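Raw run-v3.cif, mmCIF, C-alpha atoms:
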```
data_target
#
loop_
_atom_site.group_PDB
_atom_site.id
_atom_site.type_symbol
_atom_site.label_atom_id
_atom_site.label_comp_id
_atom_site.auth_asym_id
_atom_site.auth_seq_id
_atom_site.Cartn_x
_atom_site.Cartn_y
_atom_site.Cartn_z
ATOM 1 C CA VAL B 748 0.000 0.000 0.000
ATOM 2 C CA TRP B 749 2.700 2.493 1.018
ATOM 3 C CA PRO B 750 4.242 2.950 -2.475
ATOM 4 C CA THR B 751 0.955 4.315 -3.827
ATOM 5 C CA VAL B 752 0.863 7.338 -1.505
ATOM 6 C CA ALA B 753 3.304 9.557 -3.366
ATOM 7 C CA LEU B 754 2.568 7.979 -6.742
ATOM 8 C CA ALA B 755 -0.961 9.331 -6.480
ATOM 9 C CA ARG B 756 0.256 12.918 -6.135
ATOM 10 C CA ALA B 757 -0.185 15.340 -9.008
ATOM 11 C CA GLU B 758 3.425 15.336 -10.185
ATOM 12 C CA VAL B 759 5.354 13.729 -12.994
ATOM 13 C CA TRP B 760 6.641 10.208 -12.377
ATOM 14 C CA VAL B 761 8.613 8.241 -14.945
ATOM 15 C CA GLU B 762 9.253 4.536 -15.275
ATOM 16 C CA VAL B 763 12.547 3.216 -16.617
ATOM 17 C CA ARG B 764 13.150 -0.482 -17.234
ATOM 18 C CA SER B 765 16.581 -2.059 -17.428
ATOM 19 C CA PRO B 766 17.251 -5.780 -17.959
ATOM 20 C CA HIS B 767 16.945 -6.599 -14.241
ATOM 21 C CA PHE B 768 15.324 -3.589 -12.529
ATOM 22 C CA THR B 769 12.353 -1.276 -12.854
ATOM 23 C CA VAL B 770 12.868 2.272 -11.594
ATOM 24 C CA VAL B 771 9.937 4.581 -10.855
ATOM 25 C CA SER B 772 10.981 8.141 -10.081
ATOM 26 C CA ASN B 773 9.802 11.718 -9.678
ATOM 27 C CA ALA B 774 13.379 12.976 -10.155
ATOM 28 C CA GLY B 775 13.270 12.924 -13.959
ATOM 29 C CA GLU B 776 14.173 10.422 -16.650
ATOM 30 C CA LYS B 777 17.924 11.152 -16.554
ATOM 31 C CA GLN B 778 18.138 10.427 -12.820
ATOM 32 C CA ALA B 779 15.972 7.323 -13.154
ATOM 33 C CA ARG B 780 18.268 5.957 -15.860
ATOM 34 C CA HIS B 781 21.303 6.697 -13.679
ATOM 35 C CA VAL B 782 19.817 4.733 -10.785
ATOM 36 C CA ALA B 783 18.989 1.796 -13.062
ATOM 37 C CA SER B 784 22.539 1.872 -14.423
ATOM 38 C CA GLN B 785 24.046 1.891 -10.912
ATOM 39 C CA PHE B 786 22.110 -1.188 -9.863
ATOM 40 C CA GLU B 787 22.909 -3.035 -13.088
ATOM 41 C CA LEU B 788 26.610 -2.308 -12.511
ATOM 42 C CA PHE B 789 26.325 -3.430 -8.888
ATOM 43 C CA ARG B 790 24.611 -6.685 -9.857
ATOM 44 C CA GLN B 791 27.293 -7.312 -12.480
ATOM 45 C CA ALA B 792 30.126 -6.567 -10.017
ATOM 46 C CA PHE B 793 28.687 -8.920 -7.387
ATOM 47 C CA HIS B 794 28.298 -11.688 -9.957
ATOM 48 C CA LYS B 795 31.841 -11.130 -11.249
ATOM 49 C CA VAL B 796 33.344 -11.508 -7.777
ATOM 50 C CA ILE B 797 31.216 -14.487 -6.703
ATOM 51 C CA GLU B 798 30.456 -16.100 -10.058
ATOM 52 C CA LYS B 799 28.605 -19.219 -8.942
ATOM 53 C CA LEU B 800 25.848 -17.430 -7.041
ATOM 54 C CA ARG B 801 22.419 -16.683 -8.468
ATOM 55 C CA VAL B 802 21.802 -12.953 -8.787
ATOM 56 C CA ASP B 803 18.225 -12.826 -10.068
ATOM 57 C CA PRO B 804 15.406 -13.300 -7.534
ATOM 58 C CA SER B 805 12.181 -14.960 -8.572
ATOM 59 C CA GLN B 806 10.329 -11.762 -7.685
ATOM 60 C CA PRO B 807 11.002 -8.562 -9.662
ATOM 61 C CA VAL B 808 12.970 -5.742 -8.037
ATOM 62 C CA LEU B 809 11.198 -2.374 -8.093
ATOM 63 C CA ILE B 810 13.205 0.747 -7.210
ATOM 64 C CA LEU B 811 11.386 3.894 -6.093
ATOM 65 C CA ALA B 812 13.906 6.703 -6.621
ATOM 66 C CA VAL B 813 12.516 9.913 -5.120
ATOM 67 C CA LYS B 814 13.889 13.401 -5.682
ATOM 68 C CA ASN B 815 14.190 14.698 -2.104
ATOM 69 C CA GLU B 816 13.553 14.098 1.590
ATOM 70 C CA ASN B 817 9.964 15.348 1.408
ATOM 71 C CA SER B 818 9.105 12.663 -1.143
ATOM 72 C CA LEU B 819 10.883 10.050 0.961
ATOM 73 C CA LYS B 820 8.953 11.194 4.036
ATOM 74 C CA GLU B 821 5.658 10.595 2.235
ATOM 75 C CA LEU B 822 6.695 7.044 1.364
ATOM 76 C CA LEU B 823 8.267 6.230 4.750
ATOM 77 C CA PRO B 824 6.434 8.423 7.301
ATOM 78 C CA GLN B 825 7.223 6.076 10.201
ATOM 79 C CA PHE B 826 10.827 7.341 10.309
ATOM 80 C CA TRP B 827 9.655 10.925 10.909
ATOM 81 C CA GLU B 828 6.807 10.241 13.348
ATOM 82 C CA LYS B 829 9.027 10.052 16.446
ATOM 83 C CA LYS B 830 11.772 12.462 17.402
ATOM 84 C CA GLY B 831 15.240 10.987 17.561
ATOM 85 C CA LEU B 832 14.730 8.326 14.893
ATOM 86 C CA ALA B 833 17.323 8.190 12.141
ATOM 87 C CA HIS B 834 16.087 9.384 8.750
ATOM 88 C CA PRO B 835 17.331 6.895 6.147
ATOM 89 C CA ASP B 836 18.458 7.859 2.641
ATOM 90 C CA GLY B 837 17.243 4.474 1.442
ATOM 91 C CA ILE B 838 15.675 1.248 2.587
ATOM 92 C CA PHE B 839 14.859 -2.235 1.329
ATOM 93 C CA TYR B 840 11.484 -3.987 1.618
ATOM 94 C CA GLU B 841 10.702 -7.601 0.818
ATOM 95 C CA GLY B 842 7.062 -7.741 -0.228
ATOM 96 C CA THR B 843 4.889 -10.720 -1.057
ATOM 97 C CA ASP B 844 4.985 -10.068 -4.802
ATOM 98 C CA LYS B 845 7.991 -7.767 -5.309
ATOM 99 C CA GLN B 846 11.283 -6.684 -3.783
ATOM 100 C CA TYR B 847 11.179 -2.918 -3.129
ATOM 101 C CA ILE B 848 14.121 -0.552 -2.881
ATOM 102 C CA VAL B 849 13.376 3.036 -1.890
ATOM 103 C CA LEU B 850 16.077 5.683 -2.125
ATOM 104 C CA GLN B 851 16.569 9.438 -2.162
ATOM 105 C CA THR B 852 18.459 10.600 -5.238
ATOM 106 C CA ASN B 853 19.753 13.902 -3.802
ATOM 107 C CA ALA B 854 21.244 12.412 -0.611
ATOM 108 C CA THR B 855 24.435 14.165 0.463
ATOM 109 C CA GLU B 856 26.220 11.198 2.035
ATOM 110 C CA GLU B 857 29.509 10.031 0.548
ATOM 111 C CA ASN B 858 27.757 6.931 -0.753
ATOM 112 C CA PRO B 859 23.971 7.479 -0.756
ATOM 113 C CA TYR B 860 23.353 3.914 -1.949
ATOM 114 C CA HIS B 861 25.200 2.298 0.981
ATOM 115 C CA VAL B 862 22.105 1.175 2.899
ATOM 116 C CA VAL B 863 20.260 -0.256 -0.094
ATOM 117 C CA TYR B 864 23.369 -1.951 -1.496
ATOM 118 C CA HIS B 865 23.857 -3.535 1.951
ATOM 119 C CA GLU B 866 20.309 -4.877 2.018
ATOM 120 C CA TYR B 867 20.434 -5.941 -1.633
ATOM 121 C CA VAL B 868 23.495 -8.095 -0.854
ATOM 122 C CA HIS B 869 21.534 -9.772 1.943
ATOM 123 C CA LEU B 870 18.832 -10.604 -0.620
ATOM 124 C CA LEU B 871 21.397 -12.127 -3.000
ATOM 125 C CA LEU B 872 23.106 -14.132 -0.247
ATOM 126 C CA HIS B 873 19.860 -15.473 1.189
ATOM 127 C CA MET B 874 18.791 -16.579 -2.304
ATOM 128 C CA ASN B 875 21.823 -18.856 -2.405
ATOM 129 C CA PHE B 876 22.365 -20.070 1.166
ATOM 130 C CA GLU B 877 19.930 -21.519 3.671
ATOM 131 C CA ARG B 878 22.405 -20.753 6.440
ATOM 132 C CA ILE B 879 25.289 -18.318 6.542
ATOM 133 C CA PRO B 880 27.218 -17.145 9.631
ATOM 134 C CA VAL B 881 25.949 -13.796 10.830
ATOM 135 C CA TRP B 882 29.412 -12.212 10.780
ATOM 136 C CA LEU B 883 29.910 -13.253 7.146
ATOM 137 C CA ASP B 884 26.391 -12.197 6.149
ATOM 138 C CA GLU B 885 26.948 -8.703 7.558
ATOM 139 C CA GLY B 886 30.603 -8.578 6.534
ATOM 140 C CA LEU B 887 29.877 -9.275 2.871
ATOM 141 C CA ALA B 888 26.963 -6.832 2.890
ATOM 142 C CA GLU B 889 29.254 -4.094 4.217
ATOM 143 C CA PHE B 890 32.103 -5.051 1.867
ATOM 144 C CA PHE B 891 29.948 -4.623 -1.242
ATOM 145 C CA ALA B 892 27.958 -1.684 0.140
ATOM 146 C CA TYR B 893 30.963 0.618 -0.248
ATOM 147 C CA ALA B 894 31.234 -0.045 -3.982
ATOM 148 C CA ARG B 895 31.991 2.871 -6.292
ATOM 149 C CA LEU B 896 30.500 2.343 -9.731
ATOM 150 C CA SER B 897 30.853 4.061 -13.090
ATOM 151 C CA GLU B 898 30.663 2.992 -16.731
ATOM 152 C CA LYS B 899 34.470 2.944 -16.915
ATOM 153 C CA GLU B 900 35.394 1.524 -13.524
ATOM 154 C CA VAL B 901 33.972 -0.567 -10.707
ATOM 155 C CA GLY B 902 35.680 -0.094 -7.356
ATOM 156 C CA LEU B 903 35.264 -2.751 -4.656
ATOM 157 C CA GLY B 904 37.085 -3.154 -1.358
ATOM 158 C CA ARG B 905 37.042 0.532 -0.510
ATOM 159 C CA PRO B 906 37.659 0.917 3.233
ATOM 160 C CA SER B 907 34.887 1.957 5.594
ATOM 161 C CA GLN B 908 36.128 5.104 7.314
ATOM 162 C CA TRP B 909 33.677 4.863 10.214
ATOM 163 C CA ALA B 910 34.632 1.221 10.819
ATOM 164 C CA LEU B 911 38.348 2.013 10.736
ATOM 165 C CA GLN B 912 37.896 4.818 13.248
ATOM 166 C CA LEU B 913 35.767 2.669 15.536
ATOM 167 C CA LEU B 914 38.265 -0.187 15.459
ATOM 168 C CA GLN B 915 41.134 2.181 16.262
ATOM 169 C CA GLU B 916 39.396 3.973 19.124
ATOM 170 C CA SER B 917 37.365 1.243 20.851
ATOM 171 C CA ARG B 918 37.999 -2.039 22.591
ATOM 172 C CA MET B 919 37.521 -4.895 20.158
ATOM 173 C CA ILE B 920 35.286 -7.918 20.702
ATOM 174 C CA PRO B 921 37.273 -11.201 20.955
ATOM 175 C CA LEU B 922 37.257 -12.882 17.557
ATOM 176 C CA ARG B 923 35.798 -16.151 18.887
ATOM 177 C CA GLU B 924 32.721 -14.218 20.083
ATOM 178 C CA VAL B 925 32.291 -12.530 16.703
ATOM 179 C CA LEU B 926 32.457 -15.880 14.909
ATOM 180 C CA ALA B 927 29.988 -17.510 17.327
ATOM 181 C CA ALA B 928 27.327 -14.772 17.193
ATOM 182 C CA ASP B 929 23.885 -15.573 15.800
ATOM 183 C CA HIS B 930 20.717 -13.561 15.248
ATOM 184 C CA SER B 931 19.742 -13.886 18.910
ATOM 185 C CA SER B 932 23.105 -12.693 20.243
ATOM 186 C CA PRO B 933 23.427 -9.377 22.115
ATOM 187 C CA LEU B 934 26.365 -8.600 19.832
ATOM 188 C CA TYR B 935 23.935 -8.511 16.924
ATOM 189 C CA ASN B 936 20.882 -6.996 18.625
ATOM 190 C CA GLU B 937 22.053 -4.482 21.227
ATOM 191 C CA SER B 938 22.957 -1.022 19.943
ATOM 192 C CA LYS B 939 25.867 -0.661 22.379
ATOM 193 C CA GLN B 940 27.552 -3.732 20.892
ATOM 194 C CA ASN B 941 26.368 -4.214 17.343
ATOM 195 C CA THR B 942 28.297 -1.296 15.845
ATOM 196 C CA MET B 943 31.574 -2.936 16.858
ATOM 197 C CA PHE B 944 30.240 -6.305 15.694
ATOM 198 C CA TYR B 945 29.504 -4.829 12.254
ATOM 199 C CA ALA B 946 32.905 -3.143 12.125
ATOM 200 C CA GLU B 947 34.800 -6.305 12.996
ATOM 201 C CA SER B 948 32.694 -8.400 10.631
ATOM 202 C CA TRP B 949 33.503 -5.949 7.837
ATOM 203 C CA ALA B 950 37.231 -5.938 8.700
ATOM 204 C CA LEU B 951 37.494 -9.746 8.770
ATOM 205 C CA THR B 952 35.589 -10.117 5.502
ATOM 206 C CA HIS B 953 37.629 -7.355 3.870
ATOM 207 C CA TYR B 954 40.838 -9.103 4.943
ATOM 208 C CA MET B 955 39.732 -12.387 3.366
ATOM 209 C CA MET B 956 38.365 -10.802 0.174
ATOM 210 C CA VAL B 957 41.259 -8.433 -0.494
#
```

Kindly return the structure encoded in the file as structure tokens.
Amino acid sequence: VWPTVALARAEVWVEVRSPHFTVVSNAGEKQARHVASQFELFRQAFHKVIEKLRVDPSQPVLILAVKNENSLKELLPQFWEKKGLAHPDGIFYEGTDKQYIVLQTNATEENPYHVVYHEYVHLLLHMNFERIPVWLDEGLAEFFAYARLSEKEVGLGRPSQWALQLLQESRMIPLREVLAADHSSPLYNESKQNTMFYAESWALTHYMMV
């Protein structure tokens, strides 16, 4: 239901179809094509690195690429209803008939696609594995989420600056605890611990990949 709220507004929306994605946007055709191109490049890069994995879900992937925060707020009002909640630049939804990616095209972050790339990697991994260690699941998602993509060059393995800073300034979790964590572990669920868990999972995965 939620995607229809902004789509019903009296403004121009365009639909762009690429081989593996459909982008619906109120940011103009040029921006919609750019978003489609970025996700095609990302899919190709993931498949190039891990060739034997399936990269096409049975359900289509629909990307809602909105032009600004106001449009994003109309689609995802729950993140603005309470003070103190983080306002995402993008998010991933797994619906019953489609996979939805929602993102803000004018985000000012260094990599505005980080969150949705992270969640998209989870989708690809879970398509291929019934079970995967939590540290590796999150580590691979973070590793690919920092991708830099263009028509001429695909950059993977770029370091996470926040993770590097956290690892340098904070006490690290013993490696055996990181490897043993599951989805019920405090390391994964509690905000005071999961940032370090994510950072160490990224660092270990980055070490093995690069």

Kindly assemble as a Markdown table a list of the range 813-883 of chain B residues that lie within 10 Å of range 919-926 of chain B, each paired with its nearest atom pair and their distance in Å to one decimal, using all atoms listed in the file, sorted first by chain and then by ascending residue number.
```
| residue | atom | partner | partner_atom | distance |
| --- | --- | --- | --- | --- |
| B:Pro880 | CA | B:Leu926 | CA | 7.5 |
| B:Val881 | CA | B:Leu926 | CA | 8.0 |
| B:Trp882 | CA | B:Leu926 | CA | 6.3 |
| B:Leu883 | CA | B:Leu926 | CA | 8.6 |
```

Would you save the residues of that selection, restricted to C-alpha atoms, as a short mmCIF file (atom, residue, chain, number, x, y, z; two decimals), in the frame of the given file?
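Written file, selection.cif:
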```cif
data_model
loop_
_atom_site.label_atom_id
_atom_site.label_comp_id
_atom_site.auth_asym_id
_atom_site.auth_seq_id
_atom_site.Cartn_x
_atom_site.Cartn_y
_atom_site.Cartn_z
CA PRO B 880 27.22 -17.14 9.63
CA VAL B 881 25.95 -13.80 10.83
CA TRP B 882 29.41 -12.21 10.78
CA LEU B 883 29.91 -13.25 7.15
#
```

Which residues of range 836-941 of chain B come within 10 Å of range 765-782 of chain B, and what is each one's closest atom pair and distance in Å (one decimal), counting all atoms listed in the file, sorted by chain and residue number, as CSV?
```
residue,atom,partner,partner_atom,distance
B:Tyr847,CA,B:Thr769,CA,9.9
B:Ile848,CA,B:Val770,CA,9.2
B:Val849,CA,B:Val771,CA,9.7
B:Leu850,CA,B:Val782,CA,9.5
B:Gln851,CA,B:Ala774,CA,9.3
B:Thr852,CA,B:Ala774,CA,7.5
B:Asn853,CA,B:Ala774,CA,9.0
B:Tyr860,CA,B:Val782,CA,9.6
B:Ser897,CA,B:His781,CA,9.9
```

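Across B:Asp884, B:Leu872, B:Trp760, B:Gln908, the tightest approach to Tyr935 in chain B is made by B:Asp884 when counting all atoms listed in the file.
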
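Pairwise distance (CA of Arg790 in chain B, CA of His953 in chain B) equals 18.9 Å.
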
Q.
Measuring between only C-alpha atoms, which one of B:Gln806, B:Asn875, B:Asn858, B:Gln846 shows the shortest distance to Phe891 in chain B?
A. B:Asn858

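The space separating CA of Lys899 in chain B from CA of Phe786 in chain B comes to 14.8 Å.
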
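CA of Pro824 in chain B is positioned 28.8 Å from CA of Ser805 in chain B.
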
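Of the listed residues B:Asn936, B:Val759, B:Lys795, B:Thr843, the one whose atoms come nearest to Val901 in chain B is B:Lys795, with distances taken using all atoms listed in the file.
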
Q: Given the file shown, determine the residues that the PyMOL selection byres ((chain B and resi 888) around 10) selects; report them as a list in words.
A: His861, Val862, Val863, Tyr864, His865, Glu866, Tyr867, Val868, His869, Leu870, Leu871, Leu872, Trp882, Leu883, Asp884, Glu885, Gly886, Leu887, Glu889, Phe890, Phe891, Ala892, Tyr893, Tyr945, Ser948, Trp949 and Thr952 of chain B

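Remark: for His873 in chain B, the closest of the candidate residues B:Val802, B:Arg764, B:Val957, B:Phe944 is B:Val802 (distances computed over only C-alpha atoms).
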
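Comparing B:Leu911, B:Ala927, B:Asp836, B:Gly902 by their smallest distance to Ala812 in chain B, the closest is B:Asp836 (using only C-alpha atoms).
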
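With only C-alpha atoms as the atoms that count, the residue of B:Phe793, B:Leu934, B:Val763, B:Phe826 with the shortest distance to Ala894 in chain B is B:Phe793.
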
(Q) With 6 Å as the threshold, what does the neighbourhood of (27.3, 1.6, -7.9) contain in terms of residues, counting all atoms listed in the file? Coordinates are those of the file; answer as JSON, numbers by chain. (A) {"B": [785, 789, 894, 895, 896]}
